[in-house]
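Asks: My structure file coords-v1.txt, compact mmCIF, C-alpha atoms and all ligand atoms, is below:
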# COMPACT_ATOMS: atom_id res chain seq x y z
CA MET N 1 -5.84 22.92 4.05
CA ARG N 2 -8.41 20.93 2.07
CA LEU N 3 -7.44 17.54 0.69
CA VAL N 4 -9.22 15.11 -1.59
CA VAL N 5 -7.88 11.66 -0.70
CA THR N 6 -8.80 9.01 -3.25
CA GLY N 7 -8.84 5.47 -1.86
CA GLY N 8 -9.01 6.93 1.66
CA ALA N 9 -11.11 4.03 2.96
CA GLY N 10 -8.39 1.50 2.09
CA PHE N 11 -5.34 0.53 4.13
CA ILE N 12 -2.75 3.24 3.48
CA GLY N 13 -5.29 5.94 2.60
CA ALA N 14 -7.22 5.48 5.86
CA ASN N 15 -4.00 5.61 7.88
CA PHE N 16 -3.10 8.79 5.95
CA VAL N 17 -6.47 10.42 6.69
CA ARG N 18 -6.14 9.53 10.38
CA THR N 19 -2.65 11.09 10.49
CA VAL N 20 -3.82 14.29 8.77
CA VAL N 21 -6.73 14.71 11.18
CA ARG N 22 -4.39 14.20 14.14
CA GLN N 23 -1.55 16.43 12.93
CA PHE N 24 -3.40 19.27 11.19
CA PRO N 25 -6.30 20.64 13.30
CA ASP N 26 -7.44 22.95 10.47
CA ALA N 27 -7.39 20.36 7.71
CA HIS N 28 -10.54 19.09 6.00
CA VAL N 29 -10.43 15.80 4.10
CA THR N 30 -12.82 14.55 1.46
CA VAL N 31 -12.36 10.84 0.87
CA LEU N 32 -13.24 9.76 -2.66
CA ASP N 33 -13.59 5.98 -2.58
CA SER N 34 -15.66 3.54 -4.62
CA MET N 35 -15.83 1.25 -1.57
CA THR N 36 -14.58 -1.93 -3.24
CA TYR N 37 -14.10 -5.08 -1.17
CA ALA N 38 -10.78 -3.53 0.03
CA ALA N 39 -12.44 -0.50 1.64
CA ASN N 40 -13.80 -0.41 5.17
CA ARG N 41 -15.96 2.39 6.58
CA ALA N 42 -14.93 1.32 10.07
CA SER N 43 -11.38 2.54 9.37
CA LEU N 44 -12.70 6.12 9.37
CA ALA N 45 -15.83 5.80 11.53
CA ASP N 46 -14.40 7.38 14.69
CA LEU N 47 -13.10 10.52 12.91
CA PRO N 48 -15.03 13.81 13.32
CA SER N 49 -17.66 14.18 10.58
CA ASP N 50 -17.03 17.94 10.26
CA ARG N 51 -13.38 17.17 9.33
CA VAL N 52 -13.73 14.06 7.18
CA GLU N 53 -16.37 13.49 4.51
CA LEU N 54 -16.64 10.16 2.69
CA VAL N 55 -17.95 10.40 -0.88
CA GLU N 56 -18.65 7.01 -2.43
CA ALA N 57 -17.68 7.35 -6.08
CA ASP N 58 -15.41 5.81 -8.70
CA CYS N 59 -12.39 8.05 -9.35
CA ALA N 60 -12.73 7.06 -13.04
CA ASP N 61 -16.13 8.81 -13.00
CA THR N 62 -14.97 12.09 -14.51
CA ALA N 63 -17.99 14.15 -13.37
CA ALA N 64 -17.80 13.00 -9.75
CA THR N 65 -14.03 13.45 -9.54
CA ASP N 66 -14.13 16.83 -11.29
CA GLN N 67 -16.76 18.13 -8.90
CA LEU N 68 -14.68 17.29 -5.82
CA VAL N 69 -11.40 18.57 -7.27
CA ALA N 70 -13.09 21.85 -8.29
CA GLY N 71 -13.58 22.61 -4.58
CA LEU N 72 -9.82 22.71 -3.97
CA THR N 73 -9.11 26.42 -4.39
CA GLY N 74 -6.68 27.24 -1.55
CA PRO N 75 -2.88 27.41 -1.96
CA GLY N 76 -2.23 24.37 0.28
CA ASP N 77 -5.05 22.27 -1.16
CA ALA N 78 -4.23 19.04 -2.99
CA VAL N 79 -5.37 15.68 -4.25
CA VAL N 80 -3.59 12.66 -2.78
CA HIS N 81 -4.28 9.73 -5.09
CA PHE N 82 -4.15 6.36 -3.29
CA ALA N 83 -7.11 4.73 -5.07
CA ALA N 84 -6.14 1.55 -6.87
CA GLU N 85 -6.75 -2.13 -7.12
CA SER N 86 -3.73 -3.18 -5.10
CA HIS N 87 -3.46 -6.97 -4.75
CA ASN N 88 -1.21 -8.93 -7.12
CA ASP N 89 -3.06 -12.23 -6.64
CA ASN N 90 -6.35 -10.60 -7.66
CA SER N 91 -4.71 -9.03 -10.70
CA LEU N 92 -3.83 -12.51 -11.96
CA ALA N 93 -7.45 -13.65 -11.63
CA SER N 94 -9.24 -10.46 -12.84
CA PRO N 95 -6.94 -7.92 -14.50
CA GLY N 96 -9.77 -5.80 -15.97
CA ALA N 97 -10.58 -4.03 -12.71
CA PHE N 98 -6.89 -3.05 -12.45
CA VAL N 99 -6.87 -1.43 -15.89
CA HIS N 100 -10.03 0.46 -14.99
CA SER N 101 -9.13 1.79 -11.54
CA ASN N 102 -5.39 2.18 -11.89
CA ILE N 103 -5.14 3.56 -15.42
CA VAL N 104 -8.55 5.01 -16.34
CA GLY N 105 -8.99 6.21 -12.73
CA THR N 106 -5.63 7.99 -12.74
CA TYR N 107 -6.45 9.55 -16.11
CA ALA N 108 -9.67 11.03 -14.67
CA VAL N 109 -7.84 12.35 -11.60
CA LEU N 110 -5.18 13.94 -13.82
CA GLU N 111 -7.75 15.59 -16.06
CA ALA N 112 -9.56 17.07 -13.05
CA CYS N 113 -6.29 18.41 -11.61
CA ARG N 114 -5.35 19.82 -14.99
CA ARG N 115 -8.72 21.53 -15.48
CA HIS N 116 -8.68 23.16 -12.04
CA ASP N 117 -4.89 23.60 -11.68
CA VAL N 118 -4.77 21.59 -8.47
CA ARG N 119 -1.64 20.07 -6.91
CA LEU N 120 -1.56 16.26 -7.12
CA HIS N 121 0.43 13.61 -5.33
CA HIS N 122 0.25 10.20 -7.02
CA VAL N 123 0.99 7.20 -4.79
CA SER N 124 2.78 4.41 -6.61
CA THR N 125 4.79 1.30 -5.86
CA ASP N 126 8.32 -0.08 -6.15
CA GLU N 127 6.87 -2.94 -8.20
CA VAL N 128 6.97 -0.78 -11.33
CA TYR N 129 10.71 -1.52 -11.44
CA GLY N 130 10.24 -5.29 -11.69
CA ASP N 131 12.35 -7.51 -9.44
CA LEU N 132 15.99 -7.95 -8.40
CA GLN N 133 18.14 -11.03 -7.93
CA LEU N 134 18.80 -11.98 -4.31
CA ASP N 135 22.49 -11.04 -4.62
CA ASP N 136 21.99 -7.94 -6.79
CA PRO N 137 24.06 -5.15 -5.19
CA ALA N 138 21.95 -2.38 -6.73
CA LYS N 139 18.63 -1.30 -5.24
CA PHE N 140 15.84 0.60 -7.03
CA THR N 141 16.53 4.31 -7.52
CA PRO N 142 14.51 7.00 -9.35
CA ASP N 143 16.66 6.22 -12.43
CA THR N 144 15.87 2.48 -12.55
CA ALA N 145 14.07 1.51 -15.77
CA TYR N 146 10.44 0.43 -15.48
CA ASN N 147 9.99 -3.33 -15.93
CA PRO N 148 6.70 -4.41 -14.32
CA SER N 149 5.83 -8.11 -14.07
CA SER N 150 2.18 -8.51 -13.06
CA PRO N 151 -1.07 -6.94 -14.32
CA TYR N 152 -1.10 -4.97 -11.04
CA SER N 153 2.40 -3.52 -11.44
CA ALA N 154 1.91 -2.96 -15.18
CA THR N 155 -1.18 -0.83 -14.52
CA LYS N 156 0.62 1.12 -11.79
CA ALA N 157 3.51 1.70 -14.23
CA GLY N 158 0.98 2.88 -16.83
CA ALA N 159 -0.52 5.29 -14.31
CA ASP N 160 2.93 6.69 -13.46
CA MET N 161 3.59 7.27 -17.16
CA LEU N 162 0.33 9.17 -17.50
CA VAL N 163 1.30 11.38 -14.55
CA ARG N 164 4.72 12.10 -16.09
CA ALA N 165 3.10 12.96 -19.43
CA TRP N 166 0.52 15.26 -17.82
CA VAL N 167 3.33 17.08 -15.98
CA ARG N 168 5.37 17.59 -19.12
CA SER N 169 2.60 18.19 -21.65
CA PHE N 170 0.11 20.14 -19.57
CA GLY N 171 2.13 21.47 -16.63
CA VAL N 172 0.10 19.56 -14.04
CA ARG N 173 1.72 20.13 -10.63
CA ALA N 174 2.19 16.49 -9.73
CA THR N 175 4.68 14.48 -7.71
CA ILE N 176 5.00 10.68 -7.66
CA SER N 177 6.17 8.39 -4.89
CA ASN N 178 7.15 4.73 -5.28
CA CYS N 179 7.09 2.93 -1.96
CA SER N 180 7.96 -0.58 -0.82
CA ASN N 181 5.75 -3.11 1.04
CA ASN N 182 3.66 -1.53 3.80
CA TYR N 183 2.42 -3.17 6.98
CA GLY N 184 0.48 -1.94 10.01
CA PRO N 185 -3.10 -1.50 11.22
CA TYR N 186 -6.15 -1.52 8.93
CA GLN N 187 -4.49 -3.67 6.23
CA HIS N 188 -6.85 -6.04 4.41
CA VAL N 189 -6.52 -9.68 5.50
CA GLU N 190 -5.80 -10.80 1.93
CA LYS N 191 -2.24 -9.40 2.27
CA PHE N 192 0.72 -11.43 3.56
CA ILE N 193 1.27 -10.15 7.10
CA PRO N 194 -2.36 -9.68 8.21
CA ARG N 195 -3.34 -12.94 6.54
CA GLN N 196 -0.88 -14.91 8.66
CA ILE N 197 -1.74 -13.05 11.87
CA THR N 198 -5.49 -13.54 11.39
CA ASN N 199 -5.03 -17.18 10.34
CA ILE N 200 -3.35 -17.83 13.68
CA LEU N 201 -5.98 -15.81 15.58
CA SER N 202 -8.69 -17.89 13.82
CA GLY N 203 -7.01 -21.21 14.63
CA HIS N 204 -5.77 -21.84 11.08
CA ARG N 205 -2.27 -22.47 9.78
CA PRO N 206 -0.37 -19.61 8.11
CA ARG N 207 0.43 -19.99 4.40
CA LEU N 208 3.81 -19.37 2.79
CA TYR N 209 4.05 -19.24 -1.01
CA GLY N 210 6.68 -21.67 -2.31
CA SER N 211 9.90 -21.81 -0.32
CA GLY N 212 9.52 -18.31 1.11
CA ALA N 213 12.82 -17.13 -0.41
CA ASN N 214 11.20 -14.05 -1.96
CA VAL N 215 12.34 -10.81 -0.36
CA ARG N 216 10.17 -7.79 0.40
CA ASP N 217 11.39 -4.43 1.76
CA TRP N 218 9.01 -3.72 4.65
CA ILE N 219 8.05 -0.24 5.83
CA HIS N 220 5.52 0.73 8.50
CA VAL N 221 2.52 2.51 7.00
CA SER N 222 3.10 5.54 9.29
CA ASP N 223 6.53 6.01 7.75
CA HIS N 224 5.12 5.81 4.22
CA ASN N 225 2.54 8.44 5.12
CA SER N 226 5.00 10.77 6.87
CA ALA N 227 7.00 10.72 3.63
CA VAL N 228 3.89 11.52 1.56
CA LEU N 229 3.16 14.48 3.83
CA ARG N 230 6.75 15.67 3.48
CA ILE N 231 6.48 15.44 -0.33
CA LEU N 232 3.28 17.48 -0.21
CA GLU N 233 5.05 20.12 1.88
CA ARG N 234 8.47 20.21 0.19
CA GLY N 235 8.35 18.06 -2.93
CA GLU N 236 9.09 19.54 -6.32
CA PRO N 237 6.38 19.08 -8.98
CA GLY N 238 7.55 16.73 -11.71
CA ARG N 239 9.77 14.74 -9.37
CA THR N 240 9.62 11.10 -8.35
CA TYR N 241 10.49 10.17 -4.75
CA LEU N 242 11.33 6.65 -3.58
CA ILE N 243 10.16 5.68 -0.11
CA GLY N 244 11.67 2.79 1.85
CA ALA N 245 12.99 1.93 5.30
CA ASP N 246 15.76 -0.62 4.57
CA GLY N 247 13.48 -3.39 5.79
CA GLU N 248 14.48 -6.27 3.51
CA ARG N 249 13.47 -9.70 4.81
CA SER N 250 12.63 -12.98 3.11
CA ASN N 251 9.02 -14.09 3.47
CA LEU N 252 10.31 -17.08 5.42
CA GLN N 253 12.02 -14.76 7.93
CA VAL N 254 8.84 -12.70 8.38
CA MET N 255 6.75 -15.85 8.73
CA ARG N 256 9.06 -17.23 11.42
CA MET N 257 8.96 -13.91 13.26
CA ILE N 258 5.14 -13.82 13.27
CA CYS N 259 4.91 -17.45 14.41
CA GLU N 260 7.42 -16.86 17.18
CA LEU N 261 5.73 -13.64 18.37
CA MET N 262 2.39 -15.45 18.44
CA GLY N 263 3.74 -18.60 20.10
CA VAL N 264 3.02 -20.92 17.18
CA GLY N 265 5.08 -23.90 15.92
CA GLY N 266 8.47 -25.20 16.83
CA SER N 267 11.73 -25.05 14.93
CA ASP N 268 11.46 -26.01 11.27
CA THR N 269 15.26 -26.06 11.02
CA ALA N 270 15.32 -28.87 13.62
CA GLY N 271 12.88 -30.89 11.50
CA GLY N 272 9.85 -30.19 13.72
CA ASP N 273 6.52 -28.64 12.73
CA PRO N 274 7.21 -25.01 11.81
CA GLY N 275 3.58 -24.09 12.50
CA PHE N 276 2.89 -22.97 8.92
CA ASP N 277 2.28 -24.59 5.51
CA HIS N 278 4.22 -24.08 2.30
CA VAL N 279 1.62 -23.67 -0.48
CA THR N 280 1.48 -23.22 -4.26
CA ASP N 281 3.67 -20.34 -5.39
CA ARG N 282 2.27 -17.19 -7.05
CA PRO N 283 2.65 -17.39 -10.88
CA GLY N 284 5.35 -14.97 -12.07
CA HIS N 285 6.24 -14.23 -8.42
CA ASP N 286 8.69 -11.28 -8.19
CA LEU N 287 11.81 -12.43 -6.36
CA ARG N 288 13.04 -9.35 -4.56
CA TYR N 289 12.29 -5.65 -4.13
CA ALA N 290 14.71 -3.19 -2.50
CA ILE N 291 14.42 0.59 -2.32
CA ASP N 292 17.25 3.10 -2.13
CA SER N 293 15.54 6.10 -0.52
CA THR N 294 18.73 8.14 -0.06
CA ALA N 295 17.61 10.94 -2.39
CA THR N 296 14.26 11.34 -0.63
CA ARG N 297 15.95 11.38 2.79
CA GLU N 298 18.62 13.88 1.77
CA GLU N 299 16.44 16.23 -0.26
CA LEU N 300 13.36 16.27 1.96
CA GLY N 301 14.96 15.62 5.36
CA TRP N 302 12.65 12.62 5.87
CA GLN N 303 13.54 9.61 8.03
CA PRO N 304 11.50 6.50 8.84
CA GLN N 305 10.79 6.15 12.58
CA HIS N 306 9.57 2.53 12.87
CA THR N 307 12.71 0.72 11.78
CA ASP N 308 12.47 -2.21 14.22
CA LEU N 309 10.41 -4.69 12.16
CA ARG N 310 10.01 -7.10 15.06
CA GLU N 311 8.55 -4.37 17.27
CA GLY N 312 6.33 -3.15 14.40
CA LEU N 313 5.04 -6.68 13.88
CA ARG N 314 4.39 -7.08 17.62
CA GLN N 315 2.26 -3.91 17.62
CA THR N 316 0.49 -4.99 14.43
CA ILE N 317 -0.32 -8.41 15.95
CA ASP N 318 -1.75 -6.61 19.01
CA TRP N 319 -3.89 -4.42 16.75
CA TYR N 320 -5.44 -7.41 14.95
CA ARG N 321 -5.95 -9.19 18.28
CA ASP N 322 -7.74 -6.11 19.68
CA ASN N 323 -9.80 -5.35 16.57
CA ARG N 324 -11.44 -8.62 15.58
CA ASP N 325 -14.66 -6.77 14.66
CA TRP N 326 -12.74 -4.96 11.95
CA TRP N 327 -11.46 -8.07 10.10
CA GLU N 328 -13.58 -11.07 11.10
CA PRO N 329 -16.53 -10.26 8.80
CA VAL N 330 -14.36 -10.61 5.66
CA LYS N 331 -11.93 -13.34 6.73
CA ALA N 332 -13.89 -16.41 5.62
CA ARG N 333 -14.55 -15.02 2.14
CA VAL N 334 -10.84 -14.29 1.60
CA GLU N 335 -9.81 -17.79 2.67
CA THR N 336 -12.51 -19.41 0.52
CA ARG N 337 -11.10 -17.56 -2.46
CA TYR N 338 -7.51 -18.59 -1.71
CA ALA N 339 -8.63 -22.21 -1.25
CA GLN N 340 -9.74 -22.32 -4.90
CA THR N 341 -6.13 -22.15 -6.16
CA GLU N 342 -3.87 -22.89 -3.20
CA ARG N 343 -2.50 -26.39 -2.50
CA VAL N 344 -0.29 -27.41 0.42
CA LEU N 345 3.10 -28.51 -0.94
P1 LIG N 401 -6.10 -1.00 -0.64
O1 LIG N 401 -6.49 -2.05 -1.63
O2 LIG N 401 -6.09 -1.35 0.81
O3 LIG N 401 -7.05 0.27 -0.81
C1 LIG N 401 -7.38 0.80 -2.06
C2 LIG N 401 -8.58 1.70 -1.91
O4 LIG N 401 -8.87 2.27 -3.19
C3 LIG N 401 -9.84 0.97 -1.44
O5 LIG N 401 -10.48 1.71 -0.43
C4 LIG N 401 -10.70 0.90 -2.70
O6 LIG N 401 -12.09 0.90 -2.42
C5 LIG N 401 -10.27 2.17 -3.41
N1 LIG N 401 -10.49 2.12 -4.86
C6 LIG N 401 -10.12 1.14 -5.72
N2 LIG N 401 -10.52 1.45 -6.97
C7 LIG N 401 -11.12 2.66 -6.89
C8 LIG N 401 -11.73 3.52 -7.84
N3 LIG N 401 -11.79 3.21 -9.13
N4 LIG N 401 -12.24 4.70 -7.41
C9 LIG N 401 -12.17 5.04 -6.09
N5 LIG N 401 -11.64 4.25 -5.16
C10 LIG N 401 -11.11 3.09 -5.55
O7 LIG N 401 -4.68 -0.49 -1.11
P2 LIG N 401 -3.47 0.08 -0.26
O8 LIG N 401 -2.58 -1.04 0.12
O9 LIG N 401 -3.98 1.01 0.76
O10 LIG N 401 -2.70 0.90 -1.40
C11 LIG N 401 -3.00 2.27 -1.63
C12 LIG N 401 -2.11 2.79 -2.73
O11 LIG N 401 -0.75 2.64 -2.36
C13 LIG N 401 -2.28 2.05 -4.06
O12 LIG N 401 -2.19 2.99 -5.10
C14 LIG N 401 -1.09 1.09 -4.09
O13 LIG N 401 -0.71 0.83 -5.41
C15 LIG N 401 -0.06 1.91 -3.37
N6 LIG N 401 0.99 1.15 -2.67
C16 LIG N 401 0.66 0.16 -1.80
C17 LIG N 401 1.67 -0.50 -1.10
C18 LIG N 401 1.36 -1.60 -0.11
O14 LIG N 401 2.28 -2.24 0.38
N7 LIG N 401 0.11 -1.85 0.23
C19 LIG N 401 3.01 -0.15 -1.31
C20 LIG N 401 3.31 0.87 -2.23
C21 LIG N 401 2.29 1.52 -2.88
O1 LIG N 402 6.01 -3.61 -3.07
C1 LIG N 402 4.86 -2.86 -2.88
C2 LIG N 402 3.64 -3.74 -3.10
O2 LIG N 402 3.54 -4.58 -1.95
C3 LIG N 402 2.35 -2.95 -3.29
O3 LIG N 402 2.45 -2.21 -4.48
C4 LIG N 402 1.14 -3.87 -3.34
O4 LIG N 402 -0.05 -3.09 -3.41
C5 LIG N 402 1.12 -4.71 -2.09
O5 LIG N 402 0.05 -5.63 -2.14
C6 LIG N 402 2.45 -5.45 -1.93
O6 LIG N 402 2.59 -6.45 -2.98
P1 LIG N 402 3.12 -7.94 -2.65
O7 LIG N 402 2.61 -8.83 -3.71
O8 LIG N 402 4.56 -7.92 -2.36
O9 LIG N 402 2.35 -8.16 -1.25
P2 LIG N 402 1.57 -9.42 -0.62
O10 LIG N 402 1.19 -9.00 0.76
O11 LIG N 402 0.50 -9.92 -1.49
O12 LIG N 402 2.70 -10.53 -0.54
C7 LIG N 402 3.94 -10.28 0.10
C8 LIG N 402 4.82 -11.49 -0.15
O13 LIG N 402 4.28 -12.61 0.58
C9 LIG N 402 4.86 -11.92 -1.59
O14 LIG N 402 6.17 -12.38 -1.91
C10 LIG N 402 3.86 -13.08 -1.66
C11 LIG N 402 3.96 -13.70 -0.29
N1 LIG N 402 2.72 -14.30 0.27
C12 LIG N 402 1.57 -13.59 0.16
C13 LIG N 402 0.41 -14.10 0.71
C14 LIG N 402 -0.90 -13.35 0.63
C15 LIG N 402 2.81 -15.51 0.93
O15 LIG N 402 3.87 -16.13 1.03
N2 LIG N 402 1.66 -15.99 1.49
C16 LIG N 402 0.46 -15.34 1.41
O16 LIG N 402 -0.54 -15.85 1.96
How does the structure come out when it is put into structure tokens?

Replies:
Amino acid sequence: MRLVVTGGAGFIGANFVRTVVRQFPDAHVTVLDSMTYAANRASLADLPSDRVELVEADCADTAATDQLVAGLTGPGDAVVHFAAESHNDNSLASPGAFVHSNIVGTYAVLEACRRHDVRLHHVSTDEVYGDLQLDDPAKFTPDTAYNPSSPYSATKAGADMLVRAWVRSFGVRATISNCSNNYGPYQHVEKFIPRQITNILSGHRPRLYGSGANVRDWIHVSDHNSAVLRILERGEPGRTYLIGADGERSNLQVMRMICELMGVGGSDTAGGDPGFDHVTDRPGHDLRYAIDSTATREELGWQPQHTDLREGLRQTIDWYRDNRDWWEPVKARVETRYAQTERVL
């Protein structure tokens, strides 16, 4: 099996490449990554060089992408398309990069797969469906209408639409997955969970947007990737699969769990110092995401394995504690950027 993994030097993509190398001794992976600020060579550095090749290129560069996709000639070969600008806060400050990578990049990947008749899996997000009310009984399903809120989610929705059109109009053999919030090792410290963990490890206070009432549906990155592998094996071209692990928690709940696991702060309910700061809320902040992954589970026989969020967070905290070399070089720059807009409430 030969795979081209776009965005394979980022968080989920690198975890995916590591899983493939571990589980499939005959697999060869070419990582196509433009090595933005979100990429890290160290996430792949210990993998065997005869099994994993890193090609630094923009997936929107049609010639570079075409050349790599042309090499996928075997029946089990595929492109797994993770590459994207992925952070909502950045999309509010600089949306142009999101249009380029997420829409133009996906267009170039689709055209290469079309030209060479190569199987494609497109990795998308639950954010394309917009947000839910806290008491909304319905979760997102494959039939939920698209209603994206931010430049990030709008460009991911646009990419999904391109994939659907290329399936229908040109017969491209593509599947799509829409997954909920991932956590685990190798996640950039700009994101919620690693930001709080590394703030505490650096002697700084964690930062909660607004009241922390917003709900995210957490899934361990290994479970996301096991579902992507199952879709590659058994998924039906043209279909959309939702991936989630029933991990809904408010940001406040997750923050309290991290603080408690790391021995920070007292009880905020008792009026003491909670150990974290409430800061300026994100403009247009989506209230709640929730995935109904029943169809994926029933049709593909997939189940998430890491369903104990507390245990997953404990392991993730240990990983950041043991891998300071991986995140420390970029931490100060991320916090300097946040400091430009963030105010303690
Ligand atoms: P990430 O930001 O950690 O990594 C993205 C990677 O893509 C980086 O290595 C970056 O260099 C690369 N990249 C960006 N633009 C590129 C371009 N034009 N050409 C080539 N490479 C480019 O993101 P992530 O959290 O690993 O997310 C990966 C994918 O999964 C994204 O498509 C994202 O929308 C989707 N997703 C993420 C989550 C989540 O919780 N993080 C949940 C659901 C879906
Ligand atoms: O739902 C899937 C999406 O999850 C993915 O498509 C995105 O790529 C991924 O970044 C993630 O988006 P979110 O915006 O939900 O993730 P983020 O980690 O940025 O924030 C999670 C929640 O925590 C969100 O409600 C904002 C809040 N937050 C975030 C940061 C960085 C804080 O309260 N404090 C923070 O410091």

Asks: Can you check which parts of chain N lie within 6 Å of ligand LIG 402 (chain N)? Per residue, the shortest pair of atoms and distance in Å to one decimal, counting all atoms listed in the file, sorted by chain and number, as a tab-separated table.

Replies:
residue	atom	partner	partner_atom	distance
N:Ser86	CA	N:LIG402	O4	4.1
N:His87	CA	N:LIG402	O5	4.6
N:Asn88	CA	N:LIG402	O7	5.1
N:Thr125	CA	N:LIG402	O3	4.4
N:Asp126	CA	N:LIG402	O1	5.2
N:Glu127	CA	N:LIG402	O1	5.2
N:Ser180	CA	N:LIG402	O1	4.2
N:Asn181	CA	N:LIG402	O2	4.0
N:Glu190	CA	N:LIG402	C14	5.7
N:Lys191	CA	N:LIG402	O10	3.8
N:Phe192	CA	N:LIG402	O10	3.7
N:Arg207	CA	N:LIG402	O16	4.9
N:Leu208	CA	N:LIG402	O15	3.7
N:Tyr209	CA	N:LIG402	O15	3.7
N:Asn214	CA	N:LIG402	O14	5.3
N:Asn251	CA	N:LIG402	O13	5.7

Asks: List all protein, DNA and RNA residues that have at least one atom no more than 7 Å from any atom of ligand LIG 401 (chain N), counting all atoms listed in the file, and write them as a PyMOL selection string.

Replies: chain N and resi 6-13+32-40+57-60+82-87+100-101+105+123-126+156+178-183+187-188

Asks: Once 4 Å is added on each side, what centre and edge lengths in Å to one decimal does the axis-aligned box around all listed atoms of range 43-61 of chain N have, as JSON?

Replies:
{"center_x": -15.0, "center_y": 10.2, "center_z": 0.8, "size_x": 15.3, "size_y": 23.4, "size_z": 35.7}

Asks: Name the closest residue to Ile219 in chain N among the candidates N:Ala70, N:Leu313, N:Val109, N:Leu261; distances are taken between atoms, counting only C-alpha atoms.

Replies: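 The answer is N:Leu313, which sits nearest to Ile219 in chain N.
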
Asks: Quick one: distance from CA of Val189 in chain N to CA of Val334 in chain N in Å, one decimal?

Replies: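 Spanning CA of Val189 in chain N to CA of Val334 in chain N is a straight-line distance of 7.4 Å.
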
Asks: State, in Å with one decimal place, the distance from CA of Arg164 in chain N to CA of Tyr152 in chain N.

Replies: 18.7 Å

Asks: May I have the residues within 10 Å of range 257-259 of chain N as number ranges by chain, using all atoms listed in the file and disregarding those fewer than 3 positions away in the same chain?

Replies: N: 193-194, 196-197, 200, 205-206, 251-254, 262-266, 274-276, 309-310, 313-314, 317

Asks: Using only C-alpha atoms, which residues sit within 8 Å of Ala227 in chain N once same-chain residues fewer than 4 positions away are excluded, as a VMD selection string?

Replies: chain N and resid 223 231 243 302 to 303

Asks: Give me the residues within 12 Å of Glu298 in chain N as a list in words, counting all atoms listed in the file and dropping any in the same chain fewer than 6 places off.

Replies: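 Here the answer would be Tyr241, Leu242, Ile243 and Asp292 of chain N.
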
Asks: For Val69 in chain N, list every protein, DNA or RNA residue within 12 Å, evaluated using only C-alpha atoms, and leave out those in the same chain fewer than 4 positions away; present the list as a PDB file with C-alpha atoms, in the frame of the given file.

Replies:
ATOM      1  CA  ARG N   2      -8.410  20.930   2.070  1.00  0.00           C
ATOM      2  CA  LEU N   3      -7.440  17.540   0.690  1.00  0.00           C
ATOM      3  CA  VAL N   4      -9.220  15.110  -1.590  1.00  0.00           C
ATOM      4  CA  VAL N   5      -7.880  11.660  -0.700  1.00  0.00           C
ATOM      5  CA  THR N   6      -8.800   9.010  -3.250  1.00  0.00           C
ATOM      6  CA  VAL N  29     -10.430  15.800   4.100  1.00  0.00           C
ATOM      7  CA  THR N  30     -12.820  14.550   1.460  1.00  0.00           C
ATOM      8  CA  VAL N  31     -12.360  10.840   0.870  1.00  0.00           C
ATOM      9  CA  LEU N  32     -13.240   9.760  -2.660  1.00  0.00           C
ATOM     10  CA  CYS N  59     -12.390   8.050  -9.350  1.00  0.00           C
ATOM     11  CA  THR N  62     -14.970  12.090 -14.510  1.00  0.00           C
ATOM     12  CA  ALA N  63     -17.990  14.150 -13.370  1.00  0.00           C
ATOM     13  CA  ALA N  64     -17.800  13.000  -9.750  1.00  0.00           C
ATOM     14  CA  THR N  65     -14.030  13.450  -9.540  1.00  0.00           C
ATOM     15  CA  THR N  73      -9.110  26.420  -4.390  1.00  0.00           C
ATOM     16  CA  GLY N  74      -6.680  27.240  -1.550  1.00  0.00           C
ATOM     17  CA  ASP N  77      -5.050  22.270  -1.160  1.00  0.00           C
ATOM     18  CA  ALA N  78      -4.230  19.040  -2.990  1.00  0.00           C
ATOM     19  CA  VAL N  79      -5.370  15.680  -4.250  1.00  0.00           C
ATOM     20  CA  VAL N  80      -3.590  12.660  -2.780  1.00  0.00           C
ATOM     21  CA  HIS N  81      -4.280   9.730  -5.090  1.00  0.00           C
ATOM     22  CA  ALA N 108      -9.670  11.030 -14.670  1.00  0.00           C
ATOM     23  CA  VAL N 109      -7.840  12.350 -11.600  1.00  0.00           C
ATOM     24  CA  LEU N 110      -5.180  13.940 -13.820  1.00  0.00           C
ATOM     25  CA  GLU N 111      -7.750  15.590 -16.060  1.00  0.00           C
ATOM     26  CA  ALA N 112      -9.560  17.070 -13.050  1.00  0.00           C
ATOM     27  CA  CYS N 113      -6.290  18.410 -11.610  1.00  0.00           C
ATOM     28  CA  ARG N 114      -5.350  19.820 -14.990  1.00  0.00           C
ATOM     29  CA  ARG N 115      -8.720  21.530 -15.480  1.00  0.00           C
ATOM     30  CA  HIS N 116      -8.680  23.160 -12.040  1.00  0.00           C
ATOM     31  CA  ASP N 117      -4.890  23.600 -11.680  1.00  0.00           C
ATOM     32  CA  VAL N 118      -4.770  21.590  -8.470  1.00  0.00           C
ATOM     33  CA  ARG N 119      -1.640  20.070  -6.910  1.00  0.00           C
ATOM     34  CA  LEU N 120      -1.560  16.260  -7.120  1.00  0.00           C
TER      35      LEU N 120
END

Asks: By how many Å are CA of Ser150 in chain N and CA of Thr341 in chain N apart?

Replies: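 Taking CA of Ser150 in chain N and CA of Thr341 in chain N, their separation equals 17.4 Å.
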
Asks: Contacts of Gly210 in chain N at 6 Å or less, counting all atoms listed in the file, minus same-chain residues fewer than 2 places along, as a ChimeraX atom specification?

Replies: /N:212,278-281
